[in-house]
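So this block is my_file-v6.pdb, PDB, C-alpha atoms:
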ATOM      1  CA  MET A  14      13.941  23.538   7.714
ATOM      2  CA  THR A  15      11.323  24.530   5.199
ATOM      3  CA  ASP A  16      10.161  22.142   2.505
ATOM      4  CA  THR A  17      11.680  24.298  -0.238
ATOM      5  CA  THR A  18      14.903  23.388  -1.983
ATOM      6  CA  THR A  19      18.193  24.523  -0.504
ATOM      7  CA  ARG A  20      20.971  25.025  -3.026
ATOM      8  CA  LEU A  21      24.320  25.753  -1.438
ATOM      9  CA  LEU A  22      27.951  26.043  -2.443
ATOM     10  CA  ILE A  23      31.083  25.992  -0.294
ATOM     11  CA  ILE A  24      34.297  27.558  -1.580
ATOM     12  CA  GLY A  25      37.723  28.077  -0.112
ATOM     13  CA  PRO A  26      41.331  27.261  -0.906
ATOM     14  CA  PRO A  27      42.520  23.641  -1.084
ATOM     15  CA  GLY A  28      43.042  22.427   2.484
ATOM     16  CA  ALA A  29      40.621  24.912   4.083
ATOM     17  CA  GLY A  30      38.525  22.040   5.472
ATOM     18  CA  LYS A  31      35.682  22.291   2.946
ATOM     19  CA  GLY A  32      35.064  18.545   2.836
ATOM     20  CA  THR A  33      34.629  18.255   6.598
ATOM     21  CA  GLN A  34      32.298  21.255   6.783
ATOM     22  CA  ALA A  35      30.405  20.228   3.631
ATOM     23  CA  THR A  36      29.415  16.926   5.230
ATOM     24  CA  GLN A  37      28.044  18.693   8.320
ATOM     25  CA  ILE A  38      26.160  21.351   6.330
ATOM     26  CA  ALA A  39      24.633  18.726   4.024
ATOM     27  CA  GLU A  40      23.466  16.628   7.003
ATOM     28  CA  ARG A  41      21.955  19.692   8.640
ATOM     29  CA  PHE A  42      19.918  20.594   5.553
ATOM     30  CA  GLY A  43      19.200  17.016   4.508
ATOM     31  CA  VAL A  44      20.771  17.432   1.061
ATOM     32  CA  PRO A  45      23.587  15.535  -0.665
ATOM     33  CA  ALA A  46      27.127  16.952  -0.484
ATOM     34  CA  ILE A  47      28.423  16.836  -4.043
ATOM     35  CA  SER A  48      32.206  17.061  -4.271
ATOM     36  CA  THR A  49      33.777  17.056  -7.710
ATOM     37  CA  GLY A  50      37.009  15.949  -6.033
ATOM     38  CA  ASP A  51      35.265  12.873  -4.588
ATOM     39  CA  ILE A  52      33.726  12.044  -7.975
ATOM     40  CA  PHE A  53      37.134  12.354  -9.638
ATOM     41  CA  ARG A  54      38.884  10.285  -6.932
ATOM     42  CA  ALA A  55      36.246   7.531  -7.185
ATOM     43  CA  ASN A  56      36.838   7.340 -10.938
ATOM     44  CA  ILE A  57      40.621   7.295 -10.502
ATOM     45  CA  LYS A  58      40.330   4.500  -7.932
ATOM     46  CA  GLY A  59      37.953   2.600 -10.215
ATOM     47  CA  GLY A  60      40.384   2.947 -13.131
ATOM     48  CA  THR A  61      37.666   4.346 -15.410
ATOM     49  CA  GLU A  62      38.469   6.212 -18.624
ATOM     50  CA  LEU A  63      37.474   9.447 -16.897
ATOM     51  CA  GLY A  64      39.677   8.506 -13.934
ATOM     52  CA  GLN A  65      42.714   7.998 -16.171
ATOM     53  CA  GLN A  66      42.128  11.368 -17.895
ATOM     54  CA  VAL A  67      41.722  13.138 -14.563
ATOM     55  CA  GLN A  68      44.750  11.460 -12.971
ATOM     56  CA  ALA A  69      47.047  12.620 -15.786
ATOM     57  CA  ILE A  70      45.761  16.201 -15.414
ATOM     58  CA  ILE A  71      46.112  16.212 -11.602
ATOM     59  CA  GLU A  72      49.636  14.769 -11.737
ATOM     60  CA  ARG A  73      50.642  17.807 -13.802
ATOM     61  CA  GLY A  74      49.237  20.014 -11.016
ATOM     62  CA  GLU A  75      46.543  21.335 -13.356
ATOM     63  CA  LEU A  76      42.787  21.621 -12.933
ATOM     64  CA  VAL A  77      40.332  19.394 -14.783
ATOM     65  CA  PRO A  78      38.929  21.254 -17.841
ATOM     66  CA  ASP A  79      35.575  23.029 -17.491
ATOM     67  CA  SER A  80      33.864  20.984 -20.201
ATOM     68  CA  LEU A  81      34.605  17.715 -18.407
ATOM     69  CA  THR A  82      33.703  19.075 -14.986
ATOM     70  CA  ASN A  83      30.444  20.677 -16.204
ATOM     71  CA  GLU A  84      29.370  17.359 -17.733
ATOM     72  CA  ILE A  85      30.034  15.446 -14.513
ATOM     73  CA  VAL A  86      28.191  17.997 -12.347
ATOM     74  CA  ALA A  87      25.180  18.175 -14.692
ATOM     75  CA  ASP A  88      24.909  14.390 -14.550
ATOM     76  CA  ARG A  89      25.125  14.393 -10.732
ATOM     77  CA  LEU A  90      22.562  17.204 -10.267
ATOM     78  CA  ALA A  91      20.100  15.312 -12.470
ATOM     79  CA  GLN A  92      20.000  12.438  -9.955
ATOM     80  CA  ALA A  93      16.899  12.115  -7.772
ATOM     81  CA  ASP A  94      18.574  12.838  -4.413
ATOM     82  CA  ALA A  95      19.571  16.334  -5.605
ATOM     83  CA  ALA A  96      15.997  17.360  -6.478
ATOM     84  CA  ALA A  97      15.376  18.858  -3.010
ATOM     85  CA  GLY A  98      18.681  20.695  -3.007
ATOM     86  CA  PHE A  99      22.392  20.071  -2.682
ATOM     87  CA  LEU A 100      25.677  21.389  -1.390
ATOM     88  CA  LEU A 101      28.379  21.753  -4.028
ATOM     89  CA  ASP A 102      32.040  21.516  -3.027
ATOM     90  CA  GLY A 103      34.804  22.188  -5.556
ATOM     91  CA  TYR A 104      32.487  23.476  -8.278
ATOM     92  CA  PRO A 105      32.063  26.029  -9.769
ATOM     93  CA  ARG A 106      35.738  27.093  -9.698
ATOM     94  CA  ASN A 107      35.525  29.984 -12.159
ATOM     95  CA  VAL A 108      33.049  32.397 -13.737
ATOM     96  CA  GLU A 109      32.496  30.205 -16.831
ATOM     97  CA  GLN A 110      31.497  27.308 -14.567
ATOM     98  CA  VAL A 111      29.112  29.612 -12.654
ATOM     99  CA  HIS A 112      27.348  30.409 -15.930
ATOM    100  CA  ALA A 113      27.239  26.698 -16.808
ATOM    101  CA  LEU A 114      25.703  26.006 -13.379
ATOM    102  CA  ASP A 115      23.158  28.824 -13.866
ATOM    103  CA  GLY A 116      22.116  27.046 -17.067
ATOM    104  CA  MET A 117      21.795  23.681 -15.300
ATOM    105  CA  LEU A 118      19.643  25.202 -12.549
ATOM    106  CA  GLU A 119      17.408  26.966 -15.091
ATOM    107  CA  GLY A 120      16.931  30.116 -13.090
ATOM    108  CA  ASP A 121      16.756  28.399  -9.692
ATOM    109  CA  ALA A 122      19.912  30.095  -8.507
ATOM    110  CA  LEU A 123      22.036  29.227  -5.502
ATOM    111  CA  ASP A 124      20.618  30.272  -2.115
ATOM    112  CA  ALA A 125      23.945  30.865  -0.388
ATOM    113  CA  VAL A 126      27.676  30.509  -0.960
ATOM    114  CA  VAL A 127      29.874  29.793   2.071
ATOM    115  CA  LEU A 128      33.395  31.183   1.677
ATOM    116  CA  LEU A 129      35.961  29.689   4.065
ATOM    117  CA  GLU A 130      38.662  32.302   4.571
ATOM    118  CA  VAL A 131      42.002  30.962   5.784
ATOM    119  CA  ASP A 132      45.634  32.045   6.013
ATOM    120  CA  THR A 133      47.683  30.577   3.139
ATOM    121  CA  GLU A 134      50.648  29.600   5.336
ATOM    122  CA  ALA A 135      48.359  27.782   7.783
ATOM    123  CA  VAL A 136      46.781  25.853   4.916
ATOM    124  CA  VAL A 137      50.123  24.933   3.326
ATOM    125  CA  ALA A 138      51.343  23.590   6.686
ATOM    126  CA  ARG A 139      48.086  21.628   7.132
ATOM    127  CA  LEU A 140      48.317  20.100   3.639
ATOM    128  CA  LEU A 141      51.969  19.116   4.023
ATOM    129  CA  LYS A 142      51.108  17.340   7.258
ATOM    130  CA  ARG A 143      48.146  15.585   5.574
ATOM    131  CA  ALA A 144      50.349  14.529   2.636
ATOM    132  CA  GLU A 145      52.823  12.992   5.086
ATOM    133  CA  LEU A 146      50.108  11.166   7.046
ATOM    134  CA  GLU A 147      48.206   9.908   3.996
ATOM    135  CA  GLY A 148      51.214   9.267   1.794
ATOM    136  CA  ARG A 149      50.015  11.644  -0.938
ATOM    137  CA  ALA A 150      53.067  11.743  -3.208
ATOM    138  CA  ASP A 151      51.588  14.481  -5.429
ATOM    139  CA  ASP A 152      51.254  16.891  -2.490
ATOM    140  CA  THR A 153      54.716  18.487  -2.516
ATOM    141  CA  GLU A 154      55.068  22.022  -1.180
ATOM    142  CA  ASP A 155      55.515  23.390  -4.735
ATOM    143  CA  VAL A 156      52.355  21.670  -5.984
ATOM    144  CA  ILE A 157      50.396  22.815  -2.909
ATOM    145  CA  ARG A 158      51.514  26.438  -3.342
ATOM    146  CA  HIS A 159      50.750  26.284  -7.074
ATOM    147  CA  ARG A 160      47.209  25.067  -6.296
ATOM    148  CA  GLN A 161      46.765  27.917  -3.808
ATOM    149  CA  ASP A 162      47.851  30.437  -6.464
ATOM    150  CA  VAL A 163      45.544  28.931  -9.101
ATOM    151  CA  TYR A 164      42.677  28.985  -6.596
ATOM    152  CA  ALA A 165      43.292  32.635  -5.683
ATOM    153  CA  GLU A 166      43.525  33.685  -9.321
ATOM    154  CA  GLN A 167      40.411  31.799 -10.475
ATOM    155  CA  THR A 168      38.212  32.219  -7.420
ATOM    156  CA  ALA A 169      38.641  35.938  -6.693
ATOM    157  CA  PRO A 170      36.164  36.824  -9.498
ATOM    158  CA  LEU A 171      33.677  34.308  -8.018
ATOM    159  CA  VAL A 172      33.803  36.002  -4.628
ATOM    160  CA  GLU A 173      33.043  39.298  -6.374
ATOM    161  CA  LEU A 174      30.219  37.754  -8.424
ATOM    162  CA  PHE A 175      28.527  36.072  -5.446
ATOM    163  CA  THR A 176      28.923  39.242  -3.364
ATOM    164  CA  GLU A 177      27.130  41.181  -6.122
ATOM    165  CA  ARG A 178      24.353  38.566  -6.107
ATOM    166  CA  GLY A 179      24.032  39.064  -2.346
ATOM    167  CA  ILE A 180      24.518  35.400  -1.475
ATOM    168  CA  LEU A 181      28.099  35.273  -0.145
ATOM    169  CA  VAL A 182      28.555  34.176   3.485
ATOM    170  CA  ALA A 183      32.227  34.735   4.409
ATOM    171  CA  VAL A 184      33.392  32.715   7.408
ATOM    172  CA  ASP A 185      36.728  32.532   9.235
ATOM    173  CA  GLY A 186      37.905  29.004   8.393
ATOM    174  CA  LEU A 187      40.561  28.742  11.109
ATOM    175  CA  GLY A 188      39.703  27.100  14.428
ATOM    176  CA  THR A 189      38.287  23.759  15.507
ATOM    177  CA  VAL A 190      35.810  21.941  13.269
ATOM    178  CA  ASP A 191      33.004  22.811  15.703
ATOM    179  CA  GLU A 192      33.962  26.491  15.919
ATOM    180  CA  VAL A 193      33.960  26.840  12.140
ATOM    181  CA  ALA A 194      30.711  24.839  11.849
ATOM    182  CA  ALA A 195      29.021  27.173  14.351
ATOM    183  CA  ARG A 196      30.119  30.243  12.353
ATOM    184  CA  ILE A 197      28.843  28.680   9.126
ATOM    185  CA  ALA A 198      25.482  27.758  10.705
ATOM    186  CA  ALA A 199      24.985  31.304  12.007
ATOM    187  CA  GLY A 200      25.951  32.846   8.666
ATOM    188  CA  LEU A 201      23.729  30.515   6.646
ATOM    189  CA  ASP A 202      20.738  30.995   8.946
ATOM    190  CA  ALA A 203      21.014  34.774   8.558
ATOM    191  CA  GLN A 204      21.453  34.527   4.761
ATOM    192  CA  LEU A 205      18.544  32.102   4.222
ATOM    193  CA  ALA A 206      16.267  34.110   6.527
ATOM    194  CA  ALA A 207      17.108  37.283   4.605
ATOM    195  CA  LYS A 208      16.472  35.544   1.274
ATOM    196  CA  ALA A 209      13.143  34.141   2.493
ATOM    197  CA  GLY A 210      12.123  37.635   3.590
ATOM    198  CA  ARG A 211      12.781  39.164   0.154
TER     199      ARG A 211
END

In structure tokens, write the structure found in this file.
Amino acid sequence: MTDTTTRLLIIGPPGAGKGTQATQIAERFGVPAISTGDIFRANIKGGTELGQQVQAIIERGELVPDSLTNEIVADRLAQADAAAGFLLDGYPRNVEQVHALDGMLEGDALDAVVLLEVDTEAVVARLLKRAELEGRADDTEDVIRHRQDVYAEQTAPLVELFTERGILVAVDGLGTVDEVAARIAAGLDAQLAAKAGR
């Protein structure tokens, strides 16, 4: 890789396998994978004030408010390990958060956005199985479907926005971890090469 910064984002519906792929992409580019979900879960587990706020919101099947999420991400991006780049997972979720992120990056926009495209029914089945295995009481079928609907409603404008910016890399998210990783690597290589050539 070049010595320039690499700023990436991965988006896709809950249960699309973003976390698994994010780890691999981040390792490949030598940047931290920053997951808002992980930050929230760590706070919930630690019983922090933020964790208690977030837990109450999640239990209602709602998303954490933008103001709170923006604050957490800004704090994380200011840390030294993110100076050479990062991979965001779970943020931004809507157009307002994209604008907040643009402000944080001060003109150093994202280099590429990986969109994992998956069939809703396949994802619902996957999440129900995970809930059973991990004992996630909040992951009922109704809650899972509600999250999918909220994602679709809020993220569709993002897909449009990132397509307009010429940085969207859409990838079929169904298949083995390695198959999906190979598609992502090919898509990112093409996108970053095109950007470097501009």

Determine, using all atoms listed in the file, which residues of segment 89-111 of chain A have any atom at most 12 Å from an atom of segment 57-78 of chain A, and tabulate each with its shortest atom pair and distance in Å to one decimal place, rows ordered by chain and then rising number, as a tab-separated table.
residue	atom	partner	partner_atom	distance
A:Gly103	CA	A:Leu76	CA	10.9
A:Tyr104	CA	A:Val77	CA	11.0
A:Pro105	CA	A:Pro78	CA	11.6
A:Arg106	CA	A:Leu76	CA	9.5
A:Asn107	CA	A:Pro78	CA	11.0
A:Glu109	CA	A:Pro78	CA	11.1
A:Gln110	CA	A:Pro78	CA	10.1

re atom CA of Asp79 of chain A and atom CA of Glu147 of chain A: distance 28.2 Å

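Between Leu81 of chain A and the candidates A:Ile52, A:Ala150, A:Ala144, A:Ala97, the tightest atom-to-atom separation, counting all atoms listed in the file, involves A:Ile52.
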
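Separating atom CA of Asp191 of chain A from atom CA of Gly98 of chain A is a distance of 23.7 Å.
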
Counting all atoms listed in the file, select every polymer residue within 10 Å of (32.8, 15.0, -7.5) as defined in the file's coordinates, and provide the selection as a list in words.
Ala46, Ile47, Ser48, Thr49, Gly50, Asp51, Ile52, Phe53, Arg54, Ala55, Asn56, Thr82, Ile85, Val86, Arg89, Leu101, Asp102, Gly103 and Tyr104 of chain A

Could you write out that same residue set with C-alpha atoms as a compact mmCIF listing (two decimals), in the coordinates of the input?
# COMPACT_ATOMS: atom_id res chain seq x y z
CA ALA A 46 27.13 16.95 -0.48
CA ILE A 47 28.42 16.84 -4.04
CA SER A 48 32.21 17.06 -4.27
CA THR A 49 33.78 17.06 -7.71
CA GLY A 50 37.01 15.95 -6.03
CA ASP A 51 35.26 12.87 -4.59
CA ILE A 52 33.73 12.04 -7.98
CA PHE A 53 37.13 12.35 -9.64
CA ARG A 54 38.88 10.28 -6.93
CA ALA A 55 36.25 7.53 -7.18
CA ASN A 56 36.84 7.34 -10.94
CA THR A 82 33.70 19.08 -14.99
CA ILE A 85 30.03 15.45 -14.51
CA VAL A 86 28.19 18.00 -12.35
CA ARG A 89 25.12 14.39 -10.73
CA LEU A 101 28.38 21.75 -4.03
CA ASP A 102 32.04 21.52 -3.03
CA GLY A 103 34.80 22.19 -5.56
CA TYR A 104 32.49 23.48 -8.28

Using atom CA of Ala198 of chain A and atom CA of Leu171 of chain A as the two end points, give the distance in Å to one decimal.
21.5 Å

Counting all atoms listed in the file, the option among A:Ala135, A:Ala165, A:Ala87, A:Ala95 closest to Ala113 of chain A:
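Comparing A:Ala135, A:Ala165, A:Ala87, A:Ala95 against Ala113 of chain A, the winner is A:Ala87.
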
With a distance cut-off of 10 Å and only C-alpha atoms, select the neighbouring residues of Phe175 of chain A, excluding the residue or stretch itself and same-chain residues fewer than 3 positions from it, and output the selection as a ChimeraX atom specification.
/A:111,123,125-128,170-172,178-182
